[in-house]
$ cat final_12.csv   # CSV, C-alpha atoms
chain,number,residue,atom,x,y,z
A,1,MET,CA,25.1,164.6,39.5
A,2,THR,CA,22.4,162.1,39.5
A,3,ILE,CA,22.0,161.9,43.3
A,4,ILE,CA,22.0,165.7,43.6
A,5,VAL,CA,19.3,166.1,41.0
A,6,VAL,CA,17.2,163.3,42.6
A,7,PHE,CA,17.6,164.9,46.0
A,8,ILE,CA,16.4,168.2,44.6
A,9,ILE,CA,13.4,166.6,42.9
A,10,VAL,CA,12.4,164.6,45.9
A,11,THR,CA,12.8,167.6,48.2
A,12,ILE,CA,10.4,169.5,46.0
A,13,LEU,CA,7.9,166.6,46.1
A,14,PHE,CA,8.2,166.3,49.9
A,15,LEU,CA,7.6,170.0,50.3
A,16,SER,CA,4.3,169.5,48.5
A,17,LYS,CA,1.2,168.8,50.6
A,18,LYS,CA,-0.1,166.4,48.0
A,19,ARG,CA,-0.3,162.7,49.1
A,20,TRP,CA,0.6,161.5,45.6
A,21,ALA,CA,3.7,163.6,45.7
A,22,LEU,CA,5.0,161.9,48.8
A,23,HIS,CA,4.4,158.4,47.4
A,24,LEU,CA,6.1,159.4,44.1
A,25,GLY,CA,9.1,160.8,46.0
A,26,ILE,CA,9.3,157.5,47.9
A,27,LEU,CA,9.1,155.5,44.6
A,28,ILE,CA,12.0,157.6,43.1
A,29,LEU,CA,14.1,157.1,46.2
A,30,ALA,CA,13.5,153.4,46.2
A,31,LEU,CA,14.6,153.2,42.6
A,32,LEU,CA,17.7,155.2,43.4
A,33,PHE,CA,18.6,153.1,46.4
A,34,ALA,CA,18.0,149.9,44.4
A,35,SER,CA,20.4,151.0,41.7
A,36,ARG,CA,23.4,151.3,43.9
A,37,THR,CA,26.7,150.3,42.5
A,38,ASP,CA,29.3,148.3,44.3
A,39,LEU,CA,31.2,151.5,45.0
A,40,ILE,CA,28.6,152.6,47.5
A,41,PRO,CA,29.7,151.9,51.1
A,42,ASP,CA,28.8,148.4,52.2
A,43,ALA,CA,27.2,147.5,48.8
A,44,GLN,CA,29.5,144.6,48.1
A,45,ALA,CA,29.1,143.2,51.6
A,46,TYR,CA,25.3,143.3,51.4
A,47,ARG,CA,25.3,141.7,48.0
A,48,PHE,CA,27.5,138.9,49.4
A,49,TYR,CA,25.1,138.5,52.3
A,50,TYR,CA,22.2,138.3,50.0
A,51,GLU,CA,23.7,135.7,47.7
A,52,GLN,CA,25.2,133.6,50.4
A,53,TYR,CA,22.6,134.1,53.3
A,54,GLU,CA,24.6,131.8,55.6
A,55,ILE,CA,27.1,134.1,57.2
A,56,PRO,CA,28.3,133.5,60.8
A,57,ASN,CA,28.2,136.3,63.3
A,58,LEU,CA,25.5,138.1,61.3
A,59,GLU,CA,22.0,138.8,62.7
A,60,LYS,CA,19.8,135.8,62.0
A,61,GLY,CA,16.7,137.9,61.2
A,62,TYR,CA,18.4,139.7,58.4
A,63,LEU,CA,19.9,136.4,57.0
A,64,SER,CA,16.5,134.7,57.1
A,65,PHE,CA,15.0,137.7,55.4
A,66,SER,CA,17.6,137.7,52.6
A,67,LYS,CA,17.3,133.9,52.2
A,68,PHE,CA,13.6,134.2,51.7
A,69,PHE,CA,13.9,136.7,48.8
A,70,SER,CA,17.1,135.2,47.4
A,71,LYS,CA,16.5,131.4,47.6
A,72,ASN,CA,12.7,131.1,47.9
A,73,LEU,CA,11.5,133.9,45.7
A,74,GLN,CA,14.7,134.0,43.6
A,75,PHE,CA,14.6,137.8,43.4
A,76,SER,CA,17.6,139.7,42.1
A,77,PHE,CA,19.6,141.8,44.6
A,78,GLY,CA,18.3,145.0,42.9
A,79,ALA,CA,14.7,143.8,43.2
A,80,PHE,CA,15.3,143.0,46.8
A,81,LEU,CA,16.7,146.5,47.4
A,82,PHE,CA,13.8,148.1,45.7
A,83,ILE,CA,11.1,146.3,47.7
A,84,LEU,CA,13.0,146.8,51.0
A,85,SER,CA,13.6,150.5,50.4
A,86,PHE,CA,10.1,151.2,49.3
A,87,THR,CA,8.5,149.2,52.2
A,88,LEU,CA,10.7,150.9,54.8
A,89,LEU,CA,10.1,154.4,53.5
A,90,GLU,CA,6.3,153.8,53.4
A,91,LEU,CA,6.5,152.4,56.9
A,92,TRP,CA,8.2,155.6,58.0
A,93,LEU,CA,5.5,157.6,56.4
A,94,TRP,CA,2.7,155.5,57.9
A,95,THR,CA,4.2,155.6,61.3
A,96,THR,CA,4.7,159.3,61.2
A,97,LYS,CA,1.1,159.9,60.3
A,98,ARG,CA,-0.1,157.6,63.2
A,99,LEU,CA,2.3,159.3,65.5
A,100,SER,CA,1.6,162.9,64.9
A,101,ASN,CA,-1.0,163.3,62.2
A,102,LEU,CA,1.0,166.2,60.7
A,103,LYS,CA,-0.5,168.0,57.7
A,104,ASP,CA,3.1,168.9,56.6
A,105,VAL,CA,4.5,165.4,57.0
A,106,GLY,CA,6.4,165.9,53.7
A,107,ILE,CA,8.4,168.6,55.3
A,108,GLN,CA,9.4,166.3,58.2
A,109,PHE,CA,10.2,163.6,55.6
A,110,ALA,CA,12.5,166.0,53.7
A,111,LEU,CA,14.3,167.0,56.9
A,112,MET,CA,14.8,163.4,57.9
A,113,LEU,CA,15.8,162.4,54.4
A,114,SER,CA,18.5,165.0,54.0
A,115,TYR,CA,20.9,163.2,56.4
A,116,PHE,CA,19.6,160.2,58.2
A,117,GLY,CA,17.3,159.1,55.4
A,118,PHE,CA,20.1,158.8,52.9
A,119,TYR,CA,22.5,157.4,55.4
A,120,TYR,CA,20.2,154.6,56.7
A,121,TYR,CA,17.9,153.8,53.8
A,122,GLY,CA,20.7,154.4,51.2
A,123,ILE,CA,23.6,152.6,52.8
A,124,VAL,CA,23.1,150.5,55.9
A,125,LEU,CA,20.3,148.0,55.2
A,126,ARG,CA,20.3,146.1,58.5
A,127,SER,CA,20.2,149.3,60.6
A,128,SER,CA,17.4,150.8,58.4
A,129,ILE,CA,15.3,147.7,59.0
A,130,ALA,CA,15.9,147.8,62.8
A,131,ILE,CA,15.3,151.5,63.2
A,132,SER,CA,12.1,151.3,61.1
A,133,ILE,CA,10.7,148.5,63.3
A,134,VAL,CA,11.4,150.4,66.5
A,135,TYR,CA,9.9,153.6,65.1
A,136,ALA,CA,6.7,151.7,64.2
A,137,PHE,CA,6.3,150.9,67.9
A,138,PHE,CA,6.7,154.6,68.9
A,139,PRO,CA,2.9,155.4,68.6
A,140,ILE,CA,2.1,152.6,71.1
A,141,LEU,CA,4.8,153.8,73.5
A,142,LEU,CA,3.6,157.5,73.3
A,143,HIS,CA,-0.1,157.2,72.9
A,144,SER,CA,-1.2,154.1,74.9
A,145,THR,CA,-2.1,154.6,78.6
A,146,LYS,CA,-1.7,150.9,79.4
A,147,LEU,CA,1.3,149.7,81.4
A,148,TYR,CA,1.9,146.8,79.0
A,149,LYS,CA,3.0,149.3,76.4
A,150,TYR,CA,6.5,149.0,77.8
A,151,LEU,CA,6.4,145.2,77.3
A,152,VAL,CA,5.1,145.6,73.8
A,153,PHE,CA,7.9,148.1,73.0
A,154,VAL,CA,10.6,145.9,74.5
A,155,PHE,CA,9.3,143.1,72.3
A,156,GLY,CA,9.6,145.4,69.3
A,157,VAL,CA,13.2,146.2,70.2
A,158,LEU,CA,14.1,142.6,70.6
A,159,PHE,CA,12.6,141.9,67.2
A,160,ALA,CA,14.6,144.8,65.7
A,161,ILE,CA,17.8,143.4,67.3
A,162,GLN,CA,17.5,140.4,65.0
A,163,PHE,CA,18.3,142.7,62.1
A,164,HIS,CA,20.9,144.9,63.7
A,165,GLN,CA,22.4,144.5,67.2
A,166,THR,CA,22.8,148.3,67.7
A,167,ALA,CA,19.0,148.5,68.2
A,168,ILE,CA,19.7,147.3,71.7
A,169,ILE,CA,20.2,150.9,72.7
A,170,TYR,CA,16.5,151.5,72.2
A,171,LEU,CA,15.8,149.5,75.4
A,172,LEU,CA,16.7,152.8,77.2
A,173,VAL,CA,14.2,154.8,75.3
A,174,PRO,CA,11.3,154.6,77.9
A,175,ILE,CA,13.5,156.6,80.2
A,176,PHE,CA,13.2,159.6,78.0
A,177,LEU,CA,9.4,159.6,78.4
A,178,PHE,CA,9.8,161.3,81.7
A,179,LYS,CA,10.2,165.1,82.0
A,180,ILE,CA,13.7,166.3,82.4
A,181,ASN,CA,14.4,169.9,83.6
A,182,ASP,CA,15.7,172.1,80.8
A,183,LYS,CA,18.6,173.3,82.8
A,184,TYR,CA,19.9,169.7,83.0
A,185,LEU,CA,19.4,169.4,79.2
A,186,TYR,CA,21.5,172.5,78.7
A,187,MET,CA,24.2,171.1,81.0
A,188,VAL,CA,24.3,167.9,78.9
A,189,ASN,CA,24.6,170.0,75.7
A,190,VAL,CA,27.5,172.1,77.3
A,191,VAL,CA,29.3,168.8,78.1
A,192,SER,CA,28.7,167.6,74.6
A,193,LEU,CA,30.2,170.8,73.1
A,194,ALA,CA,33.2,170.6,75.6
A,195,LEU,CA,33.9,167.0,74.5
A,196,LEU,CA,34.0,168.0,70.9
A,197,LEU,CA,36.3,171.0,71.5
A,198,SER,CA,38.7,168.9,73.6
A,199,SER,CA,38.6,165.8,71.3
A,200,GLU,CA,42.0,166.5,69.8
A,201,VAL,CA,43.4,166.8,73.4
A,202,ILE,CA,41.6,163.7,74.7
A,203,PRO,CA,41.8,161.0,72.0
A,204,ILE,CA,39.0,158.7,73.3
A,205,GLN,CA,39.6,156.3,70.4
A,206,THR,CA,43.1,155.6,71.6
A,207,TYR,CA,41.9,154.9,75.1
A,208,MET,CA,39.2,152.6,73.8
A,209,GLU,CA,41.7,150.6,71.7
A,210,SER,CA,43.9,150.2,74.8
A,211,ALA,CA,41.0,149.1,77.0
A,212,ILE,CA,39.8,146.6,74.4
A,213,ASP,CA,43.3,145.2,74.0
A,214,GLN,CA,43.5,144.7,77.8
A,215,LEU,CA,40.2,142.8,77.8
A,216,GLY,CA,41.2,140.7,74.9
A,217,TYR,CA,38.4,141.7,72.5
A,218,TYR,CA,40.7,142.2,69.5
A,219,ARG,CA,37.9,141.8,67.0
A,220,PHE,CA,36.4,145.2,68.0
A,221,ASN,CA,39.6,147.0,67.2
A,222,THR,CA,38.9,146.3,63.5
A,223,TYR,CA,36.0,148.7,63.9
A,224,LEU,CA,38.1,151.2,65.9
A,225,SER,CA,40.7,151.3,63.2
A,226,LYS,CA,38.2,152.5,60.6
A,227,ASP,CA,38.7,156.1,61.7
A,228,LEU,CA,37.2,159.0,59.7
A,229,GLU,CA,38.9,162.4,58.9
A,230,THR,CA,38.6,164.7,61.9
A,231,GLU,CA,37.2,167.6,59.8
A,232,ARG,CA,34.3,165.4,58.5
A,233,ALA,CA,33.4,164.0,61.9
A,234,ASN,CA,33.5,167.3,63.6
A,235,LEU,CA,31.4,169.0,60.9
A,236,ILE,CA,28.5,166.5,61.6
A,237,ALA,CA,29.1,166.4,65.3
A,238,PHE,CA,28.9,170.2,65.7
A,239,LEU,CA,25.7,170.2,63.6
A,240,PHE,CA,24.1,167.7,66.0
A,241,VAL,CA,25.1,169.9,69.0
A,242,ALA,CA,23.7,173.0,67.4
A,243,ILE,CA,20.3,171.3,66.7
A,244,SER,CA,20.3,169.9,70.3
A,245,PHE,CA,20.8,173.4,71.8
A,246,VAL,CA,18.0,174.8,69.5
A,247,ALA,CA,15.7,171.9,70.4
A,248,VAL,CA,15.8,172.8,74.1
A,249,PHE,CA,15.8,176.6,73.6
A,250,TYR,CA,12.6,176.5,71.5
A,251,LYS,CA,10.8,174.0,73.8
A,252,ASP,CA,8.5,176.6,75.3
A,253,LYS,CA,8.3,178.7,72.1
A,254,ILE,CA,6.2,176.2,70.1
A,255,ASN,CA,2.5,176.2,69.5
A,256,TYR,CA,1.4,172.8,70.7
A,257,TYR,CA,-2.0,171.6,69.6
A,258,SER,CA,-2.4,169.0,72.3
A,259,LYS,CA,-0.9,167.6,75.4
A,260,GLU,CA,0.3,164.6,73.3
A,261,GLU,CA,2.4,167.0,71.3
A,262,VAL,CA,4.0,168.4,74.4
A,263,THR,CA,4.9,164.9,75.5
A,264,ARG,CA,6.2,163.9,72.1
A,265,TYR,CA,8.4,166.9,71.6
A,266,SER,CA,9.9,166.6,75.1
A,267,PHE,CA,10.5,162.9,74.5
A,268,ILE,CA,12.3,163.3,71.2
A,269,THR,CA,14.2,166.3,72.5
A,270,ASN,CA,15.4,164.2,75.5
A,271,MET,CA,16.6,161.5,73.1
A,272,THR,CA,18.3,164.0,70.8
A,273,VAL,CA,20.2,165.7,73.7
A,274,PHE,CA,21.5,162.5,75.1
A,275,GLY,CA,22.2,161.1,71.6
A,276,THR,CA,24.3,164.2,71.0
A,277,LEU,CA,26.2,163.6,74.2
A,278,LEU,CA,26.9,160.0,73.2
A,279,ASN,CA,27.9,161.1,69.7
A,280,SER,CA,30.3,163.7,71.0
A,281,LEU,CA,31.8,161.1,73.2
A,282,VAL,CA,32.4,158.4,70.6
A,283,TRP,CA,32.4,160.3,67.2
A,284,GLN,CA,36.0,159.2,66.7
A,285,ILE,CA,34.8,155.5,66.6
A,286,PRO,CA,32.5,155.0,63.6
A,287,ALA,CA,31.1,151.7,64.8
A,288,MET,CA,30.1,153.2,68.1
A,289,SER,CA,28.8,156.5,66.7
A,290,ARG,CA,26.2,154.5,64.9
A,291,LEU,CA,24.7,153.9,68.4
A,292,SER,CA,24.2,157.6,69.0
A,293,SER,CA,22.7,158.0,65.5
A,294,GLN,CA,19.8,155.7,66.6
A,295,TRP,CA,18.7,158.5,69.0
A,296,LEU,CA,19.4,161.3,66.6
A,297,PHE,CA,17.4,159.8,63.7
A,298,PHE,CA,14.2,161.6,64.8
A,299,GLU,CA,15.6,165.2,64.6
A,300,GLY,CA,13.5,165.8,61.6
A,301,TYR,CA,10.4,166.1,63.8
A,302,ILE,CA,12.2,168.6,66.1
A,303,LEU,CA,13.2,170.8,63.2
A,304,TYR,CA,9.7,170.6,61.8
A,305,MET,CA,8.1,171.7,65.1
A,306,ILE,CA,10.6,174.5,65.6
A,307,LEU,CA,10.1,176.0,62.1
A,308,PHE,CA,6.3,175.3,61.5
A,309,ARG,CA,4.9,175.6,65.0
A,310,ASN,CA,7.0,178.5,66.2
A,311,LYS,CA,5.4,181.4,68.1
A,312,SER,CA,8.0,183.7,66.7
A,313,LYS,CA,6.8,185.3,63.4
A,314,ALA,CA,10.4,185.9,62.4
A,315,VAL,CA,11.0,182.2,62.3
A,316,TYR,CA,7.6,181.1,61.1
A,317,ASN,CA,7.5,183.5,58.2
A,318,TYR,CA,10.8,182.1,56.8
A,319,ARG,CA,10.0,178.5,57.6
A,320,TYR,CA,10.2,177.2,54.0
A,321,PRO,CA,13.5,178.8,53.0
A,322,ILE,CA,15.0,177.8,56.3
A,323,SER,CA,13.8,174.2,55.8
A,324,ILE,CA,15.2,174.0,52.4
A,325,ALA,CA,18.5,175.5,53.6
A,326,ILE,CA,18.7,172.9,56.4
A,327,CYS,CA,17.9,170.1,54.0
A,328,PHE,CA,20.8,171.1,51.7
A,329,ILE,CA,23.2,171.8,54.5
A,330,GLN,CA,22.6,168.3,56.0
A,331,PHE,CA,22.6,166.6,52.6
A,332,PHE,CA,26.0,168.1,51.5
A,333,ALA,CA,27.4,167.5,55.0
A,334,LEU,CA,26.5,163.8,54.4
A,335,LEU,CA,28.2,163.9,51.0
A,336,HIS,CA,31.3,165.3,52.7
A,337,TYR,CA,31.1,162.6,55.3
A,338,TYR,CA,30.5,159.8,52.8
A,339,PRO,CA,31.8,161.1,49.4
A,340,LEU,CA,31.3,157.7,47.9
A,341,ILE,CA,27.6,158.3,48.0
A,342,MET,CA,28.2,160.4,44.8
A,343,ASN,CA,28.6,157.1,43.0
A,344,TYR,CA,24.8,156.6,43.0

$ encode --input "final_12.csv" --output "structure tokens"
Amino acid sequence: MTIIVVFIIVTILFLSKKRWALHLGILILALLFASRTDLIPDAQAYRFYYEQYEIPNLEKGYLSFSKFFSKNLQFSFGAFLFILSFTLLELWLWTTKRLSNLKDVGIQFALMLSYFGFYYYGIVLRSSIAISIVYAFFPILLHSTKLYKYLVFVFGVLFAIQFHQTAIIYLLVPIFLFKINDKYLYMVNVVSLALLLSSEVIPIQTYMESAIDQLGYYRFNTYLSKDLETERANLIAFLFVAISFVAVFYKDKINYYSKEEVTRYSFITNMTVFGTLLNSLVWQIPAMSRLSSQWLFFEGYILYMILFRNKSKAVYNYRYPISIAICFIQFFALLHYYPLIMNY
């Protein structure tokens, strides 16, 4: 019950517009994430990495980071987790304020936290570092008018890759800065939905295993074999498709305060739509579905804009109850997807 109670408390704090409430919520989350037991997914592995810090085939950036805290500073694993979680969550908050200057940034935080926040900052440490680093470069990519912004962003991605190699997919992000016609986005969403509906008929995982065997990359099959229950994967995958459809549908029904907001919403919508397509294609393969999650991580911003900037009074008037409902739906979907999180 602890994690549920904490989630409710933190959600209430994030719904508040008080700055101190946001920082208090982050502090509570950091303490929760730092107190993880070895029953939490990947907890034992990360503890081993932290104590050994010389593991072959693991990103050098993360190993050096762990070695600095473990050997040089002699911090306990729990202290390391607390500092890491607190720093990354504060970085998310700082970047979001630079990126959009939203008055209701706590709402966006709550929407992000309910699924991806707990998944990344609560479980997968290397990915959380990588995704936070890339996110910190988003304001430069979106706000700067200089051409060298692309070079700066690529540098940021290359740095993030030193903590988790899946960050390489962010090298494609500048493509989504360009406007894509809504009809093509709808077509991509339809394909995503069709892939999910036909997933039992077309077992992509089986085809991937066969192709990898033919190429001789047997190591990757260890990732493919870690399949998840169909009902769990489909629950999350269909949720992503639904949000993706809504993001495109409400694109022209939002009150934008500036041209920068139009560009930003379009950019993140493009990422979400194609992230959903990738997720629908590879949801049966956990290690690969993490790639698609990199693009879906920012859906909290889309949900915020739809609910709090909507021209429709029917939506706007019920923005708070809808926000809370979405938070709890995504959170309990995550618990269904990773029931071991209940061990927090």

$ residues_around --input "final_12.csv" --residues "Lys71 in chain A" --least-positions-apart "5" --cutoff "12 Å" --atoms "all atoms listed in the file" --output "ChimeraX atom specification"
/A:50-54,63-66,76-77,80

$ closest_residue --input "final_12.csv" --among "A:Tyr62, A:Phe331, A:Phe238, A:Trp94" --to "Phe116 in chain A" --atoms "all atoms listed in the file"
A:Phe331

$ atom_distance --input "final_12.csv" --atom1 "CA of Leu185 in chain A" --atom2 "CA of Phe245 in chain A"
8.5 Å

$ residues_near_point --input "final_12.csv" --point "(16.3, 162.6, 55.1)" --cutoff "10 Å" --atoms "only C-alpha atoms" --output "list in words"
Phe7, Thr11, Ile107, Gln108, Phe109, Ala110, Leu111, Met112, Leu113, Ser114, Tyr115, Phe116, Gly117, Phe118, Tyr119, Tyr120, Tyr121, Phe297, Phe298, Glu299, Gly300, Cys327, Gln330 and Phe331 of chain A

$ atom_distance --input "final_12.csv" --atom1 "CA of Phe137 in chain A" --atom2 "CA of Ala247 in chain A"
23.1 Å

$ closest_residue --input "final_12.csv" --among "A:Leu277, A:Ile9, A:Leu296, A:Leu334" --to "Ile131 in chain A" --atoms "all atoms listed in the file"
A:Leu296

$ residues_around --input "final_12.csv" --residues "range 39-47 of chain A" --least-positions-apart "2" --cutoff "8 Å" --atoms "only C-alpha atoms" --output "PyMOL selection string"
chain A and resi 36-37+49-51+77+123-125+340-341+343-344

$ atom_distance --input "final_12.csv" --atom1 "CA of Asn310 in chain A" --atom2 "CA of Ile254 in chain A"
4.6 Å

$ closest_residue --input "final_12.csv" --among "A:Ile243, A:Leu278, A:Leu142, A:Ile133" --to "Val188 in chain A" --atoms "only C-alpha atoms"
A:Leu278

$ closest_residue --input "final_12.csv" --among "A:Leu239, A:Leu197, A:Leu27, A:Ile329" --to "Leu89 in chain A" --atoms "only C-alpha atoms"
A:Leu27

$ closest_residue --input "final_12.csv" --among "A:Leu22, A:Ala79, A:Phe48, A:His143" --to "Lys259 in chain A" --atoms "all atoms listed in the file"
A:His143

$ residues_near_point --input "final_12.csv" --point "(17.3, 172.6, 58.6)" --cutoff "6 Å" --atoms "only C-alpha atoms" --output "VMD selection string"
chain A and resid 323 325 to 327

$ closest_residue --input "final_12.csv" --among "A:Met187, A:Ala167, A:Glu260, A:Phe240" --to "Thr145 in chain A" --atoms "only C-alpha atoms"
A:Glu260

$ residues_around --input "final_12.csv" --residues "range 151-166 of chain A" --least-positions-apart "5" --cutoff "10 Å" --atoms "only C-alpha atoms" --output "mmCIF file with C-alpha atoms, in the frame of the given file"
data_model
loop_
_atom_site.group_PDB
_atom_site.id
_atom_site.type_symbol
_atom_site.label_atom_id
_atom_site.label_comp_id
_atom_site.auth_asym_id
_atom_site.auth_seq_id
_atom_site.Cartn_x
_atom_site.Cartn_y
_atom_site.Cartn_z
ATOM 1 C CA LEU A 58 25.500 138.100 61.300
ATOM 2 C CA GLU A 59 22.000 138.800 62.700
ATOM 3 C CA LYS A 60 19.800 135.800 62.000
ATOM 4 C CA GLY A 61 16.700 137.900 61.200
ATOM 5 C CA TYR A 62 18.400 139.700 58.400
ATOM 6 C CA LEU A 63 19.900 136.400 57.000
ATOM 7 C CA SER A 64 16.500 134.700 57.100
ATOM 8 C CA PHE A 65 15.000 137.700 55.400
ATOM 9 C CA VAL A 124 23.100 150.500 55.900
ATOM 10 C CA LEU A 125 20.300 148.000 55.200
ATOM 11 C CA ARG A 126 20.300 146.100 58.500
ATOM 12 C CA SER A 127 20.200 149.300 60.600
ATOM 13 C CA SER A 128 17.400 150.800 58.400
ATOM 14 C CA ILE A 129 15.300 147.700 59.000
ATOM 15 C CA ALA A 130 15.900 147.800 62.800
ATOM 16 C CA ILE A 131 15.300 151.500 63.200
ATOM 17 C CA SER A 132 12.100 151.300 61.100
ATOM 18 C CA ILE A 133 10.700 148.500 63.300
ATOM 19 C CA VAL A 134 11.400 150.400 66.500
ATOM 20 C CA TYR A 135 9.900 153.600 65.100
ATOM 21 C CA ALA A 136 6.700 151.700 64.200
ATOM 22 C CA PHE A 137 6.300 150.900 67.900
ATOM 23 C CA PHE A 138 6.700 154.600 68.900
ATOM 24 C CA PRO A 139 2.900 155.400 68.600
ATOM 25 C CA ILE A 140 2.100 152.600 71.100
ATOM 26 C CA LEU A 141 4.800 153.800 73.500
ATOM 27 C CA LEU A 171 15.800 149.500 75.400
ATOM 28 C CA LEU A 172 16.700 152.800 77.200
ATOM 29 C CA VAL A 173 14.200 154.800 75.300
ATOM 30 C CA PRO A 174 11.300 154.600 77.900
ATOM 31 C CA ALA A 287 31.100 151.700 64.800
ATOM 32 C CA MET A 288 30.100 153.200 68.100
ATOM 33 C CA ARG A 290 26.200 154.500 64.900
ATOM 34 C CA LEU A 291 24.700 153.900 68.400
ATOM 35 C CA SER A 292 24.200 157.600 69.000
ATOM 36 C CA SER A 293 22.700 158.000 65.500
ATOM 37 C CA GLN A 294 19.800 155.700 66.600
#

$ closest_atom_pairs --input "final_12.csv" --of "range 66-97 of chain A" --to "range 13-20 of chain A" --cutoff "12 Å" --atoms "all atoms listed in the file" --output "JSON lines"
{"residue": "A:Glu90", "atom": "CA", "partner": "A:Arg19", "partner_atom": "CA", "distance": 11.9}
{"residue": "A:Leu93", "atom": "CA", "partner": "A:Arg19", "partner_atom": "CA", "distance": 10.6}
{"residue": "A:Trp94", "atom": "CA", "partner": "A:Arg19", "partner_atom": "CA", "distance": 11.8}
{"residue": "A:Lys97", "atom": "CA", "partner": "A:Arg19", "partner_atom": "CA", "distance": 11.6}

$ residues_around --input "final_12.csv" --residues "Arg319 in chain A" --least-positions-apart "2" --cutoff "12 Å" --atoms "all atoms listed in the file" --output "PyMOL selection string"
chain A and resi 15+104+107+303-317+321-326
